[in-house]
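Asks: A single structure is presented below for examination.
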Amino acid sequence: MRCDELAVAATSWRATCAELAADGARMLDFLTCVDEPADARIEVLAHLVDVPGRRRVLVRTTVDRADPELDSVVDVLPGAAWHEREAHEMFGVRFTGNPDLRPLLTTGAMGHPLRRTTPLPSRVQTPWPGASDPAERPPEGPPVRPGGRVAARPRSRLAPPGVLPEWTPATEGPRGAEGTPGAEGST
Amino acid sequence: MAAHARIALDAAACTSCMLCVRECPTWCITLTAHQESVGDPGARRPRTVNVLDAFTIDWGLCMYCGICVEVCPFDALGWRSDPVGPASAPEGLRHGITELR
Ligand code: SF4
Ligand code: SF4
């Protein structure tokens, strides 16, 4: 099935969705967001399907991450009500015109969980299985890497993806003091 | 094509590269391995291989996304049609090398 992509300004979001719905793309497959903290914005996406016309349209727009507000499309696509409610809870986007933006799962105390900067406590408390390394320094002899090259020093610790360093309380002191191997005996 | 009912591990093909463990979004794969020297012990550069000791998937956490299957460079992970059976306790859903065959 053909899929068109349409990037619109936030001000034309509702009008574009209304136009597409009137044009046959009346089935809302999903409406969701993508948090882009590096660009200080949140992308909002709606995937509309025109079933008899065998056509799909992915409409996308962006809102300011610090003050995310967008017109609700519930009046033109009633199925959007629940999706907007979820997007409001998870990303903090306010959909003006949606009468019911009560949270579905959380109490609101932890912030918006799907924003990449929202700390996830269990990700901080759970040891990351990816931290272990078979090529760690063996009990005796120089450290070796797969492929036989002798490593100058143990590899720097890998960090789990998506877990920001500032979520971890700094109780362990500085990690992986750089430059200690080889520092002794330099005189 | 095998249905996406569970994931199997070909332990002989696994090089303990850790890619699946690090990519898994639910952190449900664990792996332990050690290194062994192979070839001429007198060689100037020691050559080592990773030897897999344990590999576990926790089906209680897995969401069957298939990222681990996609990411494995050695095709050691693949889909199977026979689903994971029930367990009476959470530990029973942690399958090791034998169960993952
Ligand atoms: S299917 Fe997804 S969740 Fe399950 S083990 Fe693989 S990467 Fe992890
Ligand atoms: S990605 Fe494949 S080869 Fe690497 S550790 Fe996982 S199963 Fe083994």
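Identifiers in this document derive from the order of the structure tokens: chains are assigned A, B, ..., residues are numbered from 1 separately in each chain, and ligands are numbered from 1 in order of occurrence.
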Using only C-alpha atoms and all ligand atoms, find each protein or nucleic acid residue lying at most 6 Å from ligand 2; present the set as a ChimeraX atom specification.

Replies: /B:14-20,72-74,76-77

Asks: Using only C-alpha atoms and all ligand atoms, find each residue with an atom at most 12 Å away from ligand 1 and format the answer as a PDB file with C-alpha atoms, in the first residue's frame.

Replies:
ATOM      1  CA  PRO A 129      24.114  -7.212  31.644  1.00  0.00           C
ATOM      2  CA  GLY A 130      26.089  -5.581  28.841  1.00  0.00           C
TER       3      GLY A 130
ATOM      4  CA  HIS B   4       8.148 -15.909  15.856  1.00  0.00           C
ATOM      5  CA  ALA B   5       7.358 -18.113  18.861  1.00  0.00           C
ATOM      6  CA  ARG B   6      10.719 -18.178  20.583  1.00  0.00           C
ATOM      7  CA  ILE B   7      14.409 -17.584  19.977  1.00  0.00           C
ATOM      8  CA  ALA B   8      16.986 -20.345  19.721  1.00  0.00           C
ATOM      9  CA  LEU B   9      20.722 -20.082  20.252  1.00  0.00           C
ATOM     10  CA  MET B  18      28.056  -9.227  23.537  1.00  0.00           C
ATOM     11  CA  LEU B  19      26.212  -7.344  20.796  1.00  0.00           C
ATOM     12  CA  CYS B  20      22.817  -8.960  21.506  1.00  0.00           C
ATOM     13  CA  VAL B  21      23.245  -8.445  25.263  1.00  0.00           C
ATOM     14  CA  ARG B  22      23.998  -4.752  24.776  1.00  0.00           C
ATOM     15  CA  GLU B  23      21.271  -4.114  22.200  1.00  0.00           C
ATOM     16  CA  CYS B  24      18.405  -5.889  23.983  1.00  0.00           C
ATOM     17  CA  PRO B  25      15.983  -3.146  25.079  1.00  0.00           C
ATOM     18  CA  THR B  26      14.688  -5.112  28.074  1.00  0.00           C
ATOM     19  CA  TRP B  27      18.142  -6.251  29.323  1.00  0.00           C
ATOM     20  CA  CYS B  28      16.884  -9.840  29.373  1.00  0.00           C
ATOM     21  CA  ILE B  29      19.952 -11.563  27.863  1.00  0.00           C
ATOM     22  CA  THR B  30      22.921 -12.417  30.070  1.00  0.00           C
ATOM     23  CA  LEU B  31      26.105 -14.060  28.956  1.00  0.00           C
ATOM     24  CA  PHE B  55      23.815 -17.715  27.923  1.00  0.00           C
ATOM     25  CA  THR B  56      20.389 -16.931  29.325  1.00  0.00           C
ATOM     26  CA  ILE B  57      17.227 -15.356  27.967  1.00  0.00           C
ATOM     27  CA  ASP B  58      14.620 -14.387  30.542  1.00  0.00           C
ATOM     28  CA  TRP B  59      11.305 -14.989  28.780  1.00  0.00           C
ATOM     29  CA  GLY B  60       9.543 -13.138  31.566  1.00  0.00           C
ATOM     30  CA  LEU B  61      11.184  -9.934  30.313  1.00  0.00           C
ATOM     31  CA  CYS B  62      11.621 -10.618  26.595  1.00  0.00           C
ATOM     32  CA  MET B  63       9.172  -8.761  24.377  1.00  0.00           C
ATOM     33  CA  TYR B  64       9.968 -10.776  21.235  1.00  0.00           C
ATOM     34  CA  CYS B  65      11.146  -7.699  19.340  1.00  0.00           C
ATOM     35  CA  GLY B  66      13.789  -9.639  17.421  1.00  0.00           C
ATOM     36  CA  ILE B  67      16.524  -7.018  17.771  1.00  0.00           C
ATOM     37  CA  CYS B  68      18.934  -9.647  19.114  1.00  0.00           C
ATOM     38  CA  VAL B  69      18.265 -11.884  16.106  1.00  0.00           C
ATOM     39  CA  GLU B  70      18.830  -8.968  13.743  1.00  0.00           C
ATOM     40  CA  VAL B  71      21.985  -7.750  15.407  1.00  0.00           C
ATOM     41  CA  CYS B  72      23.851 -11.070  15.742  1.00  0.00           C
ATOM     42  CA  LEU B  77      20.214 -16.486  17.140  1.00  0.00           C
ATOM     43  CA  GLY B  78      17.131 -17.404  15.165  1.00  0.00           C
ATOM     44  CA  TRP B  79      13.369 -17.756  15.449  1.00  0.00           C
ATOM     45  CA  ARG B  80      11.641 -21.066  16.173  1.00  0.00           C
ATOM     46  CA  ARG B  94      15.169 -18.104  32.477  1.00  0.00           C
ATOM     47  CA  HIS B  95      16.360 -20.444  29.768  1.00  0.00           C
ATOM     48  CA  LEU B 100      17.551 -22.426  23.985  1.00  0.00           C
TER      49      LEU B 100
END

Asks: Select from chain B everything DSSP, run on the backbone, classes as helix (DSSP H, G or I), then give the selection as a PyMOL selection string.

Replies: chain B and resi 19-23+67-71+90-93

Asks: Next, write the just-selected residues to a file, as an mmCIF file, in the first residue's frame, keeping N, CA and C atoms as the atom set.

Replies:
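Dumped to result_16.cif:
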data_model
loop_
_atom_site.group_PDB
_atom_site.id
_atom_site.type_symbol
_atom_site.label_atom_id
_atom_site.label_comp_id
_atom_site.auth_asym_id
_atom_site.auth_seq_id
_atom_site.Cartn_x
_atom_site.Cartn_y
_atom_site.Cartn_z
ATOM 1 N N LEU B 19 27.064 -8.316 21.501
ATOM 2 C CA LEU B 19 26.212 -7.344 20.796
ATOM 3 C C LEU B 19 24.744 -7.503 21.165
ATOM 4 N N CYS B 20 24.245 -8.754 21.193
ATOM 5 C CA CYS B 20 22.817 -8.960 21.506
ATOM 6 C C CYS B 20 22.517 -8.511 22.933
ATOM 7 N N VAL B 21 23.438 -8.816 23.856
ATOM 8 C CA VAL B 21 23.245 -8.445 25.263
ATOM 9 C C VAL B 21 23.125 -6.928 25.386
ATOM 10 N N ARG B 22 23.978 -6.213 24.650
ATOM 11 C CA ARG B 22 23.998 -4.752 24.776
ATOM 12 C C ARG B 22 22.870 -4.080 24.021
ATOM 13 N N GLU B 23 22.344 -4.729 22.982
ATOM 14 C CA GLU B 23 21.271 -4.114 22.200
ATOM 15 C C GLU B 23 19.887 -4.423 22.755
ATOM 16 N N ILE B 67 15.318 -7.831 17.974
ATOM 17 C CA ILE B 67 16.524 -7.018 17.771
ATOM 18 C C ILE B 67 17.778 -7.882 17.919
ATOM 19 N N CYS B 68 17.770 -8.781 18.901
ATOM 20 C CA CYS B 68 18.934 -9.647 19.114
ATOM 21 C C CYS B 68 19.194 -10.530 17.902
ATOM 22 N N VAL B 69 18.122 -11.038 17.293
ATOM 23 C CA VAL B 69 18.265 -11.884 16.106
ATOM 24 C C VAL B 69 18.860 -11.071 14.960
ATOM 25 N N GLU B 70 18.355 -9.844 14.804
ATOM 26 C CA GLU B 70 18.830 -8.968 13.743
ATOM 27 C C GLU B 70 20.297 -8.597 13.913
ATOM 28 N N VAL B 71 20.687 -8.356 15.158
ATOM 29 C CA VAL B 71 21.985 -7.750 15.407
ATOM 30 C C VAL B 71 23.112 -8.785 15.428
ATOM 31 N N PRO B 90 9.127 -17.540 38.365
ATOM 32 C CA PRO B 90 9.863 -16.711 37.398
ATOM 33 C C PRO B 90 11.189 -17.326 36.947
ATOM 34 N N GLU B 91 11.875 -18.027 37.862
ATOM 35 C CA GLU B 91 13.182 -18.605 37.506
ATOM 36 C C GLU B 91 13.035 -19.612 36.365
ATOM 37 N N GLY B 92 11.852 -20.251 36.308
ATOM 38 C CA GLY B 92 11.613 -21.235 35.256
ATOM 39 C C GLY B 92 11.557 -20.636 33.866
ATOM 40 N N LEU B 93 11.438 -19.326 33.791
ATOM 41 C CA LEU B 93 11.399 -18.669 32.484
ATOM 42 C C LEU B 93 12.777 -18.192 32.045
#

Asks: Enumerate as a PyMOL selection string all residues of range 5-79 of chain B assigned to strand (DSSP E) by DSSP on the backbone, naming them with the chain letters and numbers the document uses.

Replies: chain B and resi 6-9+29-38+47-58+77-79

Asks: Those same residues - N, CA and C atoms - I'd like them written as a CSV table (one decimal), in the first residue's frame.

Replies:
chain,number,residue,atom,x,y,z
B,6,ARG,N,9.6,-18.3,19.6
B,6,ARG,CA,10.7,-18.2,20.6
B,6,ARG,C,12.0,-18.0,19.8
B,7,ILE,N,13.1,-17.8,20.6
B,7,ILE,CA,14.4,-17.6,20.0
B,7,ILE,C,15.3,-18.7,20.4
B,8,ALA,N,16.1,-19.3,19.4
B,8,ALA,CA,17.0,-20.3,19.7
B,8,ALA,C,18.4,-19.8,19.6
B,9,LEU,N,19.3,-20.4,20.3
B,9,LEU,CA,20.7,-20.1,20.3
B,9,LEU,C,21.5,-21.3,19.7
B,29,ILE,N,18.9,-10.6,28.2
B,29,ILE,CA,20.0,-11.6,27.9
B,29,ILE,C,21.2,-11.4,28.8
B,30,THR,N,21.7,-12.5,29.3
B,30,THR,CA,22.9,-12.4,30.1
B,30,THR,C,23.8,-13.5,29.5
B,31,LEU,N,25.1,-13.2,29.6
B,31,LEU,CA,26.1,-14.1,29.0
B,31,LEU,C,27.4,-14.0,29.8
B,32,THR,N,28.0,-15.2,30.0
B,32,THR,CA,29.3,-15.1,30.6
B,32,THR,C,30.2,-16.0,29.7
B,33,ALA,N,31.5,-15.5,29.6
B,33,ALA,CA,32.4,-16.1,28.7
B,33,ALA,C,33.8,-15.9,29.3
B,34,HIS,N,34.8,-16.7,28.8
B,34,HIS,CA,36.2,-16.4,29.2
B,34,HIS,C,37.0,-16.5,27.9
B,35,GLN,N,38.3,-16.1,28.1
B,35,GLN,CA,39.1,-16.2,26.9
B,35,GLN,C,40.1,-17.3,27.1
B,36,GLU,N,40.4,-18.0,26.0
B,36,GLU,CA,41.5,-19.0,26.0
B,36,GLU,C,42.4,-18.7,24.9
B,37,SER,N,43.7,-19.0,25.2
B,37,SER,CA,44.7,-18.9,24.2
B,37,SER,C,44.7,-20.1,23.2
B,38,VAL,N,44.8,-19.8,22.0
B,38,VAL,CA,44.9,-20.9,21.0
B,38,VAL,C,46.2,-20.7,20.1
B,47,ARG,N,47.2,-15.4,20.6
B,47,ARG,CA,45.9,-15.3,20.0
B,47,ARG,C,44.9,-16.0,20.9
B,48,THR,N,43.8,-15.3,21.1
B,48,THR,CA,42.8,-15.8,22.1
B,48,THR,C,41.4,-15.9,21.4
B,49,VAL,N,40.6,-16.8,21.9
B,49,VAL,CA,39.2,-16.9,21.5
B,49,VAL,C,38.3,-16.8,22.7
B,50,ASN,N,37.1,-16.3,22.5
B,50,ASN,CA,36.1,-16.3,23.5
B,50,ASN,C,35.5,-17.6,23.6
B,51,VAL,N,35.3,-18.1,24.8
B,51,VAL,CA,34.6,-19.4,25.0
B,51,VAL,C,33.3,-19.1,25.9
B,52,LEU,N,32.2,-19.5,25.3
B,52,LEU,CA,30.9,-19.2,26.0
B,52,LEU,C,30.7,-20.1,27.1
B,53,ASP,N,30.4,-19.6,28.3
B,53,ASP,CA,30.2,-20.4,29.5
B,53,ASP,C,28.7,-20.5,29.7
B,54,ALA,N,28.0,-19.4,29.7
B,54,ALA,CA,26.5,-19.4,30.0
B,54,ALA,C,25.8,-18.4,29.1
B,55,PHE,N,24.6,-18.6,28.7
B,55,PHE,CA,23.8,-17.7,27.9
B,55,PHE,C,22.4,-17.9,28.4
B,56,THR,N,21.7,-16.8,28.8
B,56,THR,CA,20.4,-16.9,29.3
B,56,THR,C,19.5,-15.9,28.7
B,57,ILE,N,18.3,-16.3,28.3
B,57,ILE,CA,17.2,-15.4,28.0
B,57,ILE,C,16.1,-15.5,29.0
B,58,ASP,N,15.7,-14.4,29.6
B,58,ASP,CA,14.6,-14.4,30.5
B,58,ASP,C,13.3,-14.1,29.8
B,77,LEU,N,21.6,-16.6,16.6
B,77,LEU,CA,20.2,-16.5,17.1
B,77,LEU,C,19.2,-16.6,16.0
B,78,GLY,N,18.1,-17.3,16.2
B,78,GLY,CA,17.1,-17.4,15.2
B,78,GLY,C,15.8,-17.7,15.8
B,79,TRP,N,14.7,-17.5,15.0
B,79,TRP,CA,13.4,-17.8,15.4
B,79,TRP,C,13.0,-19.2,15.3

Asks: Set the distance at 8 Å and use only C-alpha atoms: which residues neighbour Arg101 in chain B once local chain neighbours fewer than 2 positions away are removed? I'd like the list as a ChimeraX atom specification.

Replies: /B:8-11,97-99

Asks: Could you write those residues out with N, CA and C atoms, as a CSV table (one decimal), in the first residue's frame?

Replies:
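Resulting contents of part04.csv:
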chain,number,residue,atom,x,y,z
B,8,ALA,N,16.1,-19.3,19.4
B,8,ALA,CA,17.0,-20.3,19.7
B,8,ALA,C,18.4,-19.8,19.6
B,9,LEU,N,19.3,-20.4,20.3
B,9,LEU,CA,20.7,-20.1,20.3
B,9,LEU,C,21.5,-21.3,19.7
B,10,ASP,N,22.4,-21.0,18.7
B,10,ASP,CA,23.3,-22.0,18.2
B,10,ASP,C,24.6,-21.6,19.0
B,11,ALA,N,24.8,-22.3,20.1
B,11,ALA,CA,26.0,-22.0,21.0
B,11,ALA,C,27.3,-22.1,20.2
B,97,ILE,N,21.6,-22.3,27.8
B,97,ILE,CA,22.0,-22.9,26.5
B,97,ILE,C,21.3,-24.1,26.1
B,98,THR,N,21.0,-25.0,27.1
B,98,THR,CA,20.3,-26.3,26.8
B,98,THR,C,18.9,-26.0,26.3
B,99,GLU,N,18.1,-25.2,27.1
B,99,GLU,CA,16.7,-24.9,26.7
B,99,GLU,C,16.6,-24.1,25.4

Asks: Name all residues at most 10 Å from range 70-86 of chain A (count only C-alpha atoms; drop same-chain ones fewer than 5 positions away) and give them as a ChimeraX atom specification.

Replies: /A:10-22,25-33,44,46,48,61-64,91-105

Asks: Just how far from CA of Trp167 in chain A is CA of Leu120 in chain A, in Å to one decimal?

Replies: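 Going from CA of Leu120 in chain A over to CA of Trp167 in chain A covers 8.0 Å.
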